[in-house]
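Source file: run_38.cif; contents: mmCIF, C-alpha atoms and all ligand atoms.
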```cif
data_query
#
loop_
_atom_site.label_atom_id
_atom_site.label_comp_id
_atom_site.auth_asym_id
_atom_site.auth_seq_id
_atom_site.Cartn_x
_atom_site.Cartn_y
_atom_site.Cartn_z
CA MET D 1 -0.41 -1.62 -15.26
CA ALA D 2 -4.05 -0.57 -15.36
CA GLN D 3 -6.68 -2.98 -14.10
CA ALA D 4 -9.69 -3.95 -16.19
CA LEU D 5 -12.90 -2.35 -14.98
CA ASP D 6 -15.87 -4.39 -13.86
CA THR D 7 -18.42 -2.41 -15.86
CA THR D 8 -21.31 -4.57 -14.62
CA ALA D 9 -20.57 -3.56 -11.04
CA ILE D 10 -19.94 0.06 -12.04
CA ARG D 11 -23.16 0.29 -14.01
CA ALA D 12 -25.12 -0.88 -10.98
CA ASP D 13 -23.98 2.37 -9.34
CA PHE D 14 -25.49 4.44 -12.18
CA PRO D 15 -29.22 3.63 -12.32
CA ILE D 16 -29.85 6.29 -14.97
CA LEU D 17 -28.05 4.12 -17.53
CA ASP D 18 -30.58 1.34 -17.13
CA GLN D 19 -33.32 2.75 -19.33
CA GLN D 20 -34.70 2.56 -22.83
CA VAL D 21 -34.72 5.45 -25.27
CA ASN D 22 -37.10 5.08 -28.18
CA GLY D 23 -37.43 1.41 -27.34
CA GLN D 24 -33.66 0.84 -27.43
CA PRO D 25 -31.26 0.49 -24.51
CA LEU D 26 -29.66 3.87 -23.78
CA ILE D 27 -26.03 4.17 -24.90
CA TYR D 28 -24.78 7.33 -23.24
CA LEU D 29 -21.81 8.77 -25.15
CA ASP D 30 -22.14 12.44 -24.22
CA ASN D 31 -19.82 12.30 -21.24
CA ALA D 32 -17.70 15.26 -22.30
CA ALA D 33 -20.81 17.43 -21.92
CA THR D 34 -21.80 15.95 -18.58
CA SER D 35 -21.17 12.62 -16.91
CA GLN D 36 -23.69 10.64 -14.87
CA THR D 37 -23.64 10.50 -11.08
CA PRO D 38 -23.18 7.35 -8.99
CA LEU D 39 -25.39 6.32 -6.06
CA SER D 40 -22.78 7.44 -3.52
CA VAL D 41 -23.08 11.02 -4.79
CA LEU D 42 -26.88 10.84 -4.68
CA ALA D 43 -26.69 9.40 -1.16
CA SER D 44 -24.58 12.34 -0.08
CA TYR D 45 -27.41 14.69 -1.15
CA GLU D 46 -29.94 12.71 0.79
CA GLN D 47 -27.80 12.60 3.93
CA TYR D 48 -27.33 16.34 3.78
CA TYR D 49 -30.98 17.29 3.36
CA LYS D 50 -32.23 14.65 5.78
CA GLY D 51 -29.56 15.14 8.38
CA TYR D 52 -27.67 18.45 8.56
CA ASN D 53 -28.86 21.12 6.12
CA ALA D 54 -27.71 24.44 7.62
CA ASN D 55 -25.74 27.50 6.64
CA ILE D 56 -22.02 27.26 7.22
CA HIS D 57 -19.39 29.26 9.10
CA ARG D 58 -21.91 31.13 11.23
CA GLY D 59 -24.64 29.32 13.21
CA ALA D 60 -23.80 28.35 16.77
CA HIS D 61 -25.90 25.21 16.54
CA LYS D 62 -25.08 21.59 15.89
CA LEU D 63 -26.41 21.38 12.33
CA ALA D 64 -24.42 24.44 11.29
CA ARG D 65 -21.29 22.96 12.84
CA GLU D 66 -21.82 19.66 11.06
CA ALA D 67 -22.45 21.33 7.69
CA THR D 68 -19.34 23.50 8.15
CA GLU D 69 -17.21 20.49 9.05
CA LYS D 70 -18.40 18.48 6.03
CA PHE D 71 -17.98 21.45 3.69
CA GLU D 72 -14.43 22.09 4.88
CA ALA D 73 -13.66 18.36 4.79
CA ALA D 74 -14.76 18.41 1.13
CA ARG D 75 -12.33 21.24 0.50
CA GLN D 76 -9.49 19.26 2.14
CA ASN D 77 -10.37 16.14 0.20
CA LEU D 78 -10.42 17.97 -3.13
CA ALA D 79 -7.17 19.75 -2.25
CA ARG D 80 -5.59 16.33 -1.74
CA HIS D 81 -7.23 15.07 -4.92
CA ILE D 82 -5.30 17.58 -7.05
CA ASN D 83 -2.32 17.70 -4.67
CA ALA D 84 -2.66 21.35 -3.68
CA ALA D 85 -0.16 22.36 -1.00
CA ASP D 86 -2.80 24.08 1.13
CA ASP D 87 -6.61 23.77 1.47
CA ARG D 88 -6.91 27.55 1.30
CA GLU D 89 -5.92 27.32 -2.36
CA ILE D 90 -9.26 25.65 -3.20
CA ILE D 91 -12.08 28.08 -3.98
CA PHE D 92 -15.50 26.53 -4.54
CA THR D 93 -17.16 27.81 -7.71
CA SER D 94 -20.07 26.72 -9.87
CA GLY D 95 -17.73 25.25 -12.49
CA VAL D 96 -14.99 26.07 -14.95
CA THR D 97 -16.87 29.01 -16.50
CA ASP D 98 -17.33 30.61 -13.10
CA SER D 99 -13.70 29.93 -12.17
CA ILE D 100 -12.21 31.47 -15.30
CA ASN D 101 -14.43 34.52 -14.91
CA LEU D 102 -13.14 34.83 -11.36
CA VAL D 103 -9.51 34.63 -12.51
CA ALA D 104 -9.97 37.08 -15.39
CA ASN D 105 -11.81 39.54 -13.16
CA ILE D 106 -9.34 39.55 -10.29
CA LEU D 107 -6.45 39.90 -12.73
CA SER D 108 -8.11 42.82 -14.47
CA LEU D 109 -9.06 44.46 -11.15
CA SER D 110 -5.49 44.02 -9.88
CA GLY D 111 -4.28 46.78 -12.20
CA GLU D 112 -1.31 44.60 -13.15
CA ILE D 113 -2.48 44.17 -16.75
CA THR D 114 -2.21 47.18 -19.04
CA ALA D 115 -2.43 48.03 -22.73
CA ASP D 116 1.24 47.03 -23.10
CA HIS D 117 0.45 43.44 -22.20
CA ASN D 118 -0.83 40.46 -24.11
CA VAL D 119 -2.86 37.41 -23.09
CA ILE D 120 -2.35 34.07 -24.84
CA ILE D 121 -5.04 31.45 -25.31
CA SER D 122 -5.30 28.76 -28.01
CA GLY D 123 -7.48 28.06 -31.00
CA LEU D 124 -8.69 24.94 -29.23
CA GLU D 125 -10.48 26.68 -26.38
CA HIS D 126 -14.02 26.37 -25.13
CA HIS D 127 -15.91 29.68 -25.17
CA SER D 128 -15.44 29.76 -21.37
CA ASN D 129 -11.73 30.17 -21.87
CA ILE D 130 -12.10 32.75 -24.65
CA VAL D 131 -14.80 35.24 -23.71
CA PRO D 132 -13.63 36.14 -20.15
CA TRP D 133 -10.18 36.98 -21.61
CA GLN D 134 -11.71 39.05 -24.41
CA MET D 135 -13.59 40.96 -21.72
CA LEU D 136 -10.36 41.46 -19.78
CA CYS D 137 -8.65 42.71 -22.94
CA GLU D 138 -11.48 45.15 -23.63
CA ARG D 139 -11.17 46.54 -20.12
CA THR D 140 -7.38 46.73 -19.95
CA GLY D 141 -6.46 47.33 -23.59
CA ALA D 142 -4.27 44.21 -23.57
CA GLU D 143 -3.94 42.20 -26.78
CA LEU D 144 -5.42 38.71 -27.16
CA ARG D 145 -3.12 36.28 -28.95
CA VAL D 146 -4.18 32.85 -30.11
CA ILE D 147 -1.98 29.76 -30.53
CA PRO D 148 -2.82 28.32 -33.98
CA ILE D 149 -4.03 24.74 -34.31
CA LEU D 150 -2.48 22.20 -36.68
CA ASP D 151 -4.57 19.93 -38.89
CA ASN D 152 -4.35 17.04 -36.40
CA GLY D 153 -5.86 19.20 -33.67
CA THR D 154 -2.68 20.00 -31.74
CA PHE D 155 -1.05 23.30 -30.80
CA ASP D 156 1.41 24.82 -33.25
CA MET D 157 4.20 25.05 -30.66
CA PRO D 158 6.76 26.92 -32.83
CA ALA D 159 4.04 29.55 -33.37
CA PHE D 160 3.47 29.70 -29.60
CA ASP D 161 7.20 30.36 -29.10
CA GLN D 162 6.80 33.33 -31.44
CA LEU D 163 3.70 34.66 -29.67
CA ILE D 164 5.02 34.63 -26.12
CA ASP D 165 7.24 37.51 -25.08
CA LYS D 166 8.18 39.61 -22.07
CA ASN D 167 4.84 41.44 -22.28
CA THR D 168 2.78 38.27 -21.96
CA ALA D 169 0.74 38.66 -18.78
CA VAL D 170 -1.34 35.48 -18.84
CA VAL D 171 -1.34 32.17 -20.68
CA SER D 172 -4.63 30.27 -20.36
CA VAL D 173 -5.20 26.99 -22.20
CA ASN D 174 -7.10 23.79 -21.75
CA HIS D 175 -5.49 20.57 -20.59
CA TYR D 176 -7.66 18.41 -22.87
CA SER D 177 -9.83 19.70 -25.70
CA ASN D 178 -13.53 19.00 -25.23
CA SER D 179 -14.21 18.98 -28.97
CA LEU D 180 -11.28 16.98 -30.31
CA GLY D 181 -9.93 15.21 -27.25
CA THR D 182 -6.34 16.45 -27.74
CA ARG D 183 -4.14 16.43 -24.67
CA ASN D 184 -2.19 19.66 -24.82
CA PRO D 185 1.46 20.01 -23.77
CA ILE D 186 0.61 22.16 -20.76
CA GLU D 187 3.85 21.27 -19.00
CA ASP D 188 5.82 22.98 -21.81
CA ILE D 189 3.36 25.87 -21.97
CA ILE D 190 3.63 26.50 -18.22
CA ALA D 191 7.44 26.32 -18.34
CA ALA D 192 7.55 28.87 -21.19
CA ALA D 193 5.11 31.17 -19.37
CA LYS D 194 7.16 31.04 -16.17
CA LYS D 195 10.26 32.16 -18.07
CA VAL D 196 8.52 35.43 -18.93
CA ASP D 197 6.76 35.73 -15.53
CA ALA D 198 3.28 35.33 -17.02
CA TYR D 199 0.40 33.93 -14.96
CA THR D 200 -0.75 30.48 -16.01
CA CYS D 201 -4.34 29.26 -15.95
CA ILE D 202 -5.37 25.75 -17.00
CA ASP D 203 -8.90 24.73 -17.95
CA GLY D 204 -9.08 21.19 -16.62
CA ALA D 205 -12.76 20.53 -17.35
CA GLN D 206 -11.85 17.54 -19.52
CA SER D 207 -8.80 16.27 -17.64
CA ALA D 208 -10.37 15.69 -14.22
CA PRO D 209 -12.32 12.57 -15.29
CA HIS D 210 -9.31 10.92 -16.97
CA GLU D 211 -6.01 11.98 -15.50
CA ARG D 212 -4.52 12.53 -12.07
CA ILE D 213 -3.90 16.23 -11.61
CA ASP D 214 -0.96 17.42 -9.55
CA VAL D 215 -1.02 21.19 -9.35
CA GLN D 216 2.26 21.28 -7.45
CA SER D 217 4.18 19.40 -10.07
CA LEU D 218 2.45 21.34 -12.87
CA ASP D 219 3.42 24.52 -11.00
CA CYS D 220 0.62 26.58 -12.59
CA ASP D 221 -0.98 29.59 -10.88
CA PHE D 222 -4.59 28.57 -11.53
CA TYR D 223 -6.23 25.27 -12.40
CA THR D 224 -9.95 24.68 -12.65
CA ILE D 225 -12.35 21.75 -12.87
CA SER D 226 -16.13 21.23 -13.04
CA GLY D 227 -17.81 18.67 -10.77
CA HIS D 228 -20.41 17.57 -13.32
CA LYS D 229 -17.79 16.31 -15.78
CA MET D 230 -16.22 14.01 -13.18
CA TYR D 231 -19.37 12.22 -12.00
CA GLY D 232 -20.39 14.97 -9.58
CA PRO D 233 -23.38 17.33 -9.55
CA THR D 234 -24.01 20.23 -11.93
CA GLY D 235 -23.28 23.71 -10.63
CA THR D 236 -20.16 22.58 -8.75
CA GLY D 237 -16.52 23.18 -9.43
CA LEU D 238 -13.33 24.47 -7.99
CA LEU D 239 -10.61 26.92 -8.72
CA TYR D 240 -7.13 26.13 -7.50
CA GLY D 241 -5.09 29.29 -7.05
CA ARG D 242 -1.53 29.54 -5.80
CA THR D 243 -1.57 31.12 -2.30
CA GLN D 244 0.90 33.89 -3.08
CA VAL D 245 -1.16 34.95 -6.11
CA LEU D 246 -4.58 34.75 -4.45
CA GLU D 247 -3.30 36.65 -1.44
CA LYS D 248 -2.17 39.65 -3.42
CA MET D 249 -5.20 39.77 -5.74
CA PRO D 250 -8.26 41.86 -4.87
CA PRO D 251 -11.64 40.22 -4.23
CA TRP D 252 -14.21 40.22 -7.03
CA ARG D 253 -17.72 39.53 -5.73
CA GLY D 254 -18.74 41.33 -2.56
CA GLY D 255 -21.19 40.09 0.04
CA GLY D 256 -21.52 37.91 3.10
CA GLU D 257 -18.82 35.44 4.05
CA MET D 258 -16.05 37.22 2.12
CA ILE D 259 -15.70 40.00 4.72
CA LYS D 260 -14.02 40.39 8.07
CA LEU D 261 -15.54 43.72 9.14
CA VAL D 262 -18.05 45.91 7.36
CA THR D 263 -18.74 49.57 8.14
CA PHE D 264 -20.20 52.07 5.71
CA GLU D 265 -16.80 53.73 5.52
CA LYS D 266 -14.66 50.70 4.83
CA THR D 267 -14.82 46.93 4.61
CA THR D 268 -11.96 44.61 5.38
CA TYR D 269 -11.89 41.31 3.57
CA ASN D 270 -11.78 37.81 4.91
CA GLU D 271 -8.75 35.59 4.48
CA LEU D 272 -8.36 32.83 1.92
CA PRO D 273 -10.28 31.02 0.68
CA PHE D 274 -13.34 32.87 1.99
CA LYS D 275 -12.28 36.15 0.35
CA TYR D 276 -13.40 34.59 -2.92
CA GLU D 277 -16.55 32.84 -1.72
CA ALA D 278 -19.16 35.58 -1.30
CA GLY D 279 -22.62 34.48 -0.21
CA THR D 280 -23.97 31.08 0.75
CA PRO D 281 -22.16 28.57 -1.45
CA ASN D 282 -23.55 25.39 -2.97
CA ILE D 283 -22.81 23.63 0.32
CA GLU D 284 -24.19 20.22 -0.44
CA GLY D 285 -22.91 20.47 -4.02
CA ALA D 286 -19.35 20.84 -2.73
CA ILE D 287 -19.78 17.86 -0.42
CA ALA D 288 -21.22 15.75 -3.27
CA PHE D 289 -18.39 16.87 -5.58
CA SER D 290 -15.95 15.53 -3.01
CA ALA D 291 -17.93 12.25 -2.88
CA ALA D 292 -17.53 12.04 -6.67
CA ALA D 293 -13.76 12.40 -6.27
CA ASP D 294 -13.83 9.52 -3.77
CA TYR D 295 -15.75 7.40 -6.26
CA VAL D 296 -13.27 8.12 -9.06
CA ASN D 297 -10.33 7.36 -6.78
CA GLN D 298 -11.84 4.10 -5.68
CA ILE D 299 -12.04 2.94 -9.32
CA GLY D 300 -8.67 4.55 -10.15
CA LEU D 301 -8.10 7.26 -12.74
CA GLU D 302 -5.45 5.20 -14.54
CA ASN D 303 -7.86 2.27 -14.83
CA ILE D 304 -10.63 4.56 -16.05
CA ALA D 305 -8.44 6.16 -18.71
CA ALA D 306 -7.14 2.81 -19.97
CA HIS D 307 -10.68 1.44 -20.21
CA GLU D 308 -11.94 4.49 -22.09
CA ARG D 309 -8.99 4.44 -24.49
CA HIS D 310 -9.71 0.80 -25.24
CA LEU D 311 -13.35 1.62 -26.08
CA ALA D 312 -12.36 4.65 -28.16
CA LYS D 313 -9.95 2.45 -30.13
CA ILE D 314 -12.71 -0.04 -30.92
CA ALA D 315 -15.05 2.76 -31.99
CA THR D 316 -12.40 4.64 -33.96
CA GLU D 317 -11.36 1.55 -35.91
CA GLY D 318 -15.00 0.74 -36.65
CA LEU D 319 -15.87 4.26 -37.73
CA LEU D 320 -12.86 4.55 -40.02
CA GLU D 321 -14.23 1.67 -42.08
CA ILE D 322 -17.23 3.79 -42.98
CA ASP D 323 -16.95 5.38 -46.40
CA GLY D 324 -16.54 9.16 -46.35
CA LEU D 325 -16.18 9.42 -42.56
CA ARG D 326 -13.50 11.81 -41.28
CA ILE D 327 -12.29 12.08 -37.69
CA TYR D 328 -11.27 15.52 -36.44
CA GLY D 329 -8.55 15.40 -33.83
CA THR D 330 -5.96 12.72 -34.48
CA ALA D 331 -3.32 13.67 -31.92
CA ALA D 332 -1.21 10.83 -30.55
CA GLU D 333 -2.19 11.82 -27.04
CA LYS D 334 -5.91 12.25 -26.71
CA ALA D 335 -8.83 11.46 -24.45
CA ALA D 336 -11.60 9.05 -25.44
CA VAL D 337 -13.39 11.66 -27.51
CA ILE D 338 -14.22 11.05 -31.18
CA SER D 339 -15.35 14.00 -33.26
CA PHE D 340 -16.35 13.20 -36.81
CA LEU D 341 -18.24 14.15 -39.94
CA VAL D 342 -19.50 12.15 -42.87
CA ASP D 343 -19.51 13.42 -46.46
CA GLY D 344 -22.98 14.44 -47.56
CA VAL D 345 -24.50 14.04 -44.08
CA HIS D 346 -25.34 16.89 -41.71
CA HIS D 347 -24.07 16.33 -38.16
CA TYR D 348 -27.44 17.29 -36.73
CA ASP D 349 -29.33 14.73 -38.83
CA LEU D 350 -26.91 12.00 -37.84
CA GLY D 351 -27.23 12.91 -34.15
CA THR D 352 -31.03 12.86 -34.40
CA LEU D 353 -31.09 9.43 -35.99
CA LEU D 354 -28.63 8.10 -33.42
CA ASP D 355 -30.93 9.39 -30.69
CA GLN D 356 -33.77 7.43 -32.25
CA MET D 357 -31.57 4.35 -31.90
CA GLY D 358 -30.94 5.11 -28.23
CA VAL D 359 -27.43 6.52 -28.73
CA ALA D 360 -26.75 9.86 -27.02
CA VAL D 361 -24.01 11.89 -28.73
CA ARG D 362 -23.44 15.60 -29.02
CA THR D 363 -23.69 17.46 -32.30
CA GLY D 364 -22.79 21.05 -33.16
CA HIS D 365 -19.88 23.32 -32.31
CA HIS D 366 -19.26 22.09 -28.73
CA CYS D 367 -18.89 25.71 -27.52
CA CYS D 368 -15.83 26.03 -29.78
CA GLN D 369 -17.00 28.15 -32.71
CA PRO D 370 -13.52 29.53 -33.55
CA LEU D 371 -12.16 25.97 -33.70
CA MET D 372 -14.97 24.92 -36.05
CA ALA D 373 -14.19 27.97 -38.20
CA ARG D 374 -10.52 26.88 -38.26
CA PHE D 375 -11.60 23.60 -39.86
CA GLY D 376 -14.16 25.29 -42.09
CA ILE D 377 -17.07 23.34 -40.58
CA THR D 378 -20.13 24.25 -38.50
CA GLY D 379 -19.91 21.33 -36.13
CA THR D 380 -19.20 17.65 -35.68
CA VAL D 381 -20.79 14.58 -34.16
CA ARG D 382 -18.96 13.84 -30.92
CA ALA D 383 -18.93 10.59 -29.00
CA SER D 384 -17.17 10.67 -25.62
CA PHE D 385 -16.64 7.67 -23.36
CA ALA D 386 -16.75 7.21 -19.60
CA MET D 387 -15.91 4.46 -17.11
CA TYR D 388 -19.36 2.86 -17.36
CA ASN D 389 -19.40 2.40 -21.14
CA THR D 390 -18.82 -1.11 -22.47
CA GLU D 391 -17.24 -2.80 -25.48
CA GLN D 392 -20.71 -3.85 -26.62
CA GLU D 393 -21.78 -0.20 -26.53
CA ALA D 394 -18.75 0.90 -28.55
CA GLU D 395 -19.56 -1.74 -31.18
CA ALA D 396 -23.29 -0.95 -31.17
CA PHE D 397 -22.47 2.74 -31.60
CA VAL D 398 -20.45 1.99 -34.75
CA LYS D 399 -23.24 -0.21 -36.16
CA SER D 400 -25.88 2.42 -35.41
CA THR D 401 -23.76 5.09 -37.04
CA GLN D 402 -23.39 2.97 -40.15
CA ARG D 403 -27.14 2.33 -40.25
CA ALA D 404 -27.99 5.99 -39.75
CA ILE D 405 -25.62 7.01 -42.55
CA ASN D 406 -27.18 4.47 -44.89
CA MET D 407 -30.57 5.96 -44.16
CA LEU D 408 -29.31 9.49 -44.80
CA ARG D 409 -27.60 9.00 -48.15
C1 LIG D 501 -17.43 22.04 -20.15
C2 LIG D 501 -16.22 22.81 -20.39
C3 LIG D 501 -16.09 24.10 -19.91
C4 LIG D 501 -17.20 24.80 -19.19
O1 LIG D 501 -17.50 24.14 -17.99
P1 LIG D 501 -18.85 24.48 -17.21
O2 LIG D 501 -18.95 23.36 -16.24
O3 LIG D 501 -19.95 24.48 -18.23
O4 LIG D 501 -18.65 25.80 -16.57
C5 LIG D 501 -14.92 24.76 -20.17
N1 LIG D 501 -13.91 24.18 -20.82
C6 LIG D 501 -13.99 22.93 -21.28
C7 LIG D 501 -12.80 22.32 -21.96
C8 LIG D 501 -15.15 22.20 -21.08
O5 LIG D 501 -15.22 20.95 -21.54
#
```

Take the structure in the file and give it back as structure tokens.
Amino acid sequence: MAQALDTTAIRADFPILDQQVNGQPLIYLDNAATSQTPLSVLASYEQYYKGYNANIHRGAHKLAREATEKFEAARQNLARHINAADDREIIFTSGVTDSINLVANILSLSGEITADHNVIISGLEHHSNIVPWQMLCERTGAELRVIPILDNGTFDMPAFDQLIDKNTAVVSVNHYSNSLGTRNPIEDIIAAAKKVDAYTCIDGAQSAPHERIDVQSLDCDFYTISGHKMYGPTGTGLLYGRTQVLEKMPPWRGGGEMIKLVTFEKTTYNELPFKYEAGTPNIEGAIAFSAAADYVNQIGLENIAAHERHLAKIATEGLLEIDGLRIYGTAAEKAAVISFLVDGVHHYDLGTLLDQMGVAVRTGHHCCQPLMARFGITGTVRASFAMYNTEQEAEAFVKSTQRAINMLR
């Protein structure tokens, strides 16, 4: 049973929320684009730059040792957070985009994927989980196949069963859709991919803030999350990769840190995870990302998700009373994301008016142009909830939306 959140106490940890926008109290509902960061994450930055800023894994001095210890402790903490079997399976990246590019590049460099193969993604993907695979297909000659999306914003699973075959090399899909909120049946997708020995890659950008991730029970080869969507800093993220897969794959980026021995004739590569971390990483970012995971765990992911679902229900019920308003993404299992359009009103105009009322939402295609094309639209207005949003905000958002629509038509 989930526990109710004390949003007053939580909001005190997020000073950014306590401000006026255009003379109105800010209502921040753009959490699927980026979430705000609590004081503990900010404090971690300050401690680092005031106390132990140094490059890691090399200096002989105290600061370098301390920075290395904290950086590696962050890796261990995040490994535990997603239940990885081994810390070496956690590669620090700058986010999901960076991680998927890493996966697609090492798979294409491995030589394992040829023109006989196919790669399966879905019609619900963010551009970050489309373009790197298109690039892989261009390089290898493999075919890109796309799971069609049903009208309610879910995968057409019978169509997926038709698409997957013994030549499927990779299946890469998102856990939750950023534009519609749908939770995808990744357990079934992974099971089907394993039957044909395909690699599995899951884009977890939108799951990390709402659901406990267990990469061992999912049994996928790759799983990736961005720090800035789970209350951490921008430019941080991780790629989980199964040890046996990462070990046999070639490195991608070359440089310092990823090597064991360099001569002009031949370079030998470092072991995991360093083989995939060329150059000085975002050291403090990784440490702050880990602090964000601690914050989320202290509140409890189950409690957070229940709270957000409650707010989304209030907002959804309120919005559906508005004449001519349509919600895109009506799956039974979805995150607290509401994507909608109103007859005769452009999404951009509605977003602009909401901003004037202090309400921050996202408008446009949400980096999912093919999905928008599937629905024959150019974009939606998207409201996405986080742990610090309140019932009053959900209600005020509905009222402001109604007012804005009245002004526009
Ligand atoms: C945000 C997002 C991405 C991209 O993440 P970055 O942090 O911008 O690299 C990819 N997929 C989904 C589902 C997202 O929501």

Atom pair atom CA of Arg75 of chain D / atom CA of Thr224 of chain D: separation (Å) | 13.8 Å

Please indicate the distance in Å from atom CA of Leu354 of chain D to atom CA of Val337 of chain D, rounded to one decimal place.
->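 Computed distance, atom CA of Leu354 of chain D to atom CA of Val337 of chain D, equals 16.7 Å.
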
Residues within 7 Å of ligand LIG 501 (chain D), counting only C-alpha atoms and all ligand atoms: report them as a ChimeraX atom specification.
-> /D:32-33,94-98,125-126,128-129,174,176-178,203-206,226,228

If you keep C-alpha atoms, can you produce a file of those selected residues as an mmCIF file, keeping the file's coordinate frame?
```
data_model
loop_
_atom_site.group_PDB
_atom_site.id
_atom_site.type_symbol
_atom_site.label_atom_id
_atom_site.label_comp_id
_atom_site.auth_asym_id
_atom_site.auth_seq_id
_atom_site.Cartn_x
_atom_site.Cartn_y
_atom_site.Cartn_z
ATOM 1 C CA ALA D 32 -17.700 15.260 -22.300
ATOM 2 C CA ALA D 33 -20.810 17.430 -21.920
ATOM 3 C CA SER D 94 -20.070 26.720 -9.870
ATOM 4 C CA GLY D 95 -17.730 25.250 -12.490
ATOM 5 C CA VAL D 96 -14.990 26.070 -14.950
ATOM 6 C CA THR D 97 -16.870 29.010 -16.500
ATOM 7 C CA ASP D 98 -17.330 30.610 -13.100
ATOM 8 C CA GLU D 125 -10.480 26.680 -26.380
ATOM 9 C CA HIS D 126 -14.020 26.370 -25.130
ATOM 10 C CA SER D 128 -15.440 29.760 -21.370
ATOM 11 C CA ASN D 129 -11.730 30.170 -21.870
ATOM 12 C CA ASN D 174 -7.100 23.790 -21.750
ATOM 13 C CA TYR D 176 -7.660 18.410 -22.870
ATOM 14 C CA SER D 177 -9.830 19.700 -25.700
ATOM 15 C CA ASN D 178 -13.530 19.000 -25.230
ATOM 16 C CA ASP D 203 -8.900 24.730 -17.950
ATOM 17 C CA GLY D 204 -9.080 21.190 -16.620
ATOM 18 C CA ALA D 205 -12.760 20.530 -17.350
ATOM 19 C CA GLN D 206 -11.850 17.540 -19.520
ATOM 20 C CA SER D 226 -16.130 21.230 -13.040
ATOM 21 C CA HIS D 228 -20.410 17.570 -13.320
#
```

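The interatomic distance for the pair atom CA of Phe14 of chain D and atom CA of Gly181 of chain D works out to 24.2 Å.
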
Give the answer as one residue: which of D:Gly227, D:Gln20, D:Arg362, D:Glu395 has the shortest atom-to-atom distance to Ala291 of chain D, using only C-alpha atoms?
-> D:Gly227

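Residues with at least one atom no more than 6 Å from (-16.9, 11.7, -23.1), using only C-alpha atoms, are Asp30, Asn31, Ala32, Val337, Ser384, Phe385 and Ala386 of chain D.
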
Which one of D:Thr401, D:Asn101, D:Thr34, D:Phe92 sits closest to Met357 of chain D if you count all atoms listed in the file?
->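 Among the listed residues, the smallest separation from Met357 of chain D belongs to D:Thr401.
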
Taking only C-alpha atoms into account, which of D:Ala142, D:Ala104, D:Val215, D:Ala198 comes nearest His117 of chain D?
->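 Comparing D:Ala142, D:Ala104, D:Val215, D:Ala198 against His117 of chain D, the winner is D:Ala142.
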
Contacts of Phe222 of chain D within 7 Å, all atoms listed in the file, excl. fewer than 5 positions in-chain, as JSON, numbers by chain = {"D": [200, 201, 202, 239, 240, 241, 242]}

Test item: residues at most 9 Å from Ile259 of chain D, all atoms listed in the file, excluding those fewer than 5 positions along its chain, as a ChimeraX atom specification = /D:254,267-271,274-275,278

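Of the residues listed (D:Val262, D:Leu102, D:Ala306, D:Leu5), D:Leu102 shows the shortest atom-to-atom separation from Tyr223 of chain D; distances use all atoms listed in the file.
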
All residues 8 Å or closer to Leu39 of chain D, all atoms listed in the file, same chain fewer than 3 positions away omitted, as number ranges by chain = D: 13-15, 42-43

So which residues touch Leu319 of chain D within 10 Å, counting all atoms listed in the file, skipping near sequence neighbours fewer than 3 positions away, as a PyMOL selection string?
-> chain D and resi 313-316+322-327+338+340+395+397-399+401-402

Please rebuild segment 229-238 of chain D with N, CA and C atoms and return the result as a CSV table (one decimal), keeping the file's coordinate frame.
```csv
chain,number,residue,atom,x,y,z
D,229,LYS,N,-18.5,17.1,-14.7
D,229,LYS,CA,-17.8,16.3,-15.8
D,229,LYS,C,-16.9,15.2,-15.2
D,230,MET,N,-16.9,15.1,-13.8
D,230,MET,CA,-16.2,14.0,-13.2
D,230,MET,C,-17.2,13.3,-12.2
D,231,TYR,N,-18.4,13.1,-12.7
D,231,TYR,CA,-19.4,12.2,-12.0
D,231,TYR,C,-20.0,12.9,-10.8
D,232,GLY,N,-19.8,14.2,-10.7
D,232,GLY,CA,-20.4,15.0,-9.6
D,232,GLY,C,-21.6,15.7,-10.1
D,233,PRO,N,-22.2,16.6,-9.2
D,233,PRO,CA,-23.4,17.3,-9.6
D,233,PRO,C,-23.1,18.5,-10.4
D,234,THR,N,-24.1,19.0,-11.2
D,234,THR,CA,-24.0,20.2,-11.9
D,234,THR,C,-23.9,21.4,-11.0
D,235,GLY,N,-23.4,22.5,-11.5
D,235,GLY,CA,-23.3,23.7,-10.6
D,235,GLY,C,-22.2,23.6,-9.5
D,236,THR,N,-21.3,22.7,-9.7
D,236,THR,CA,-20.2,22.6,-8.8
D,236,THR,C,-18.8,22.6,-9.5
D,237,GLY,N,-17.8,23.1,-8.8
D,237,GLY,CA,-16.5,23.2,-9.4
D,237,GLY,C,-15.5,23.8,-8.4
D,238,LEU,N,-14.3,23.8,-8.9
D,238,LEU,CA,-13.3,24.5,-8.0
D,238,LEU,C,-12.3,25.2,-8.8
```
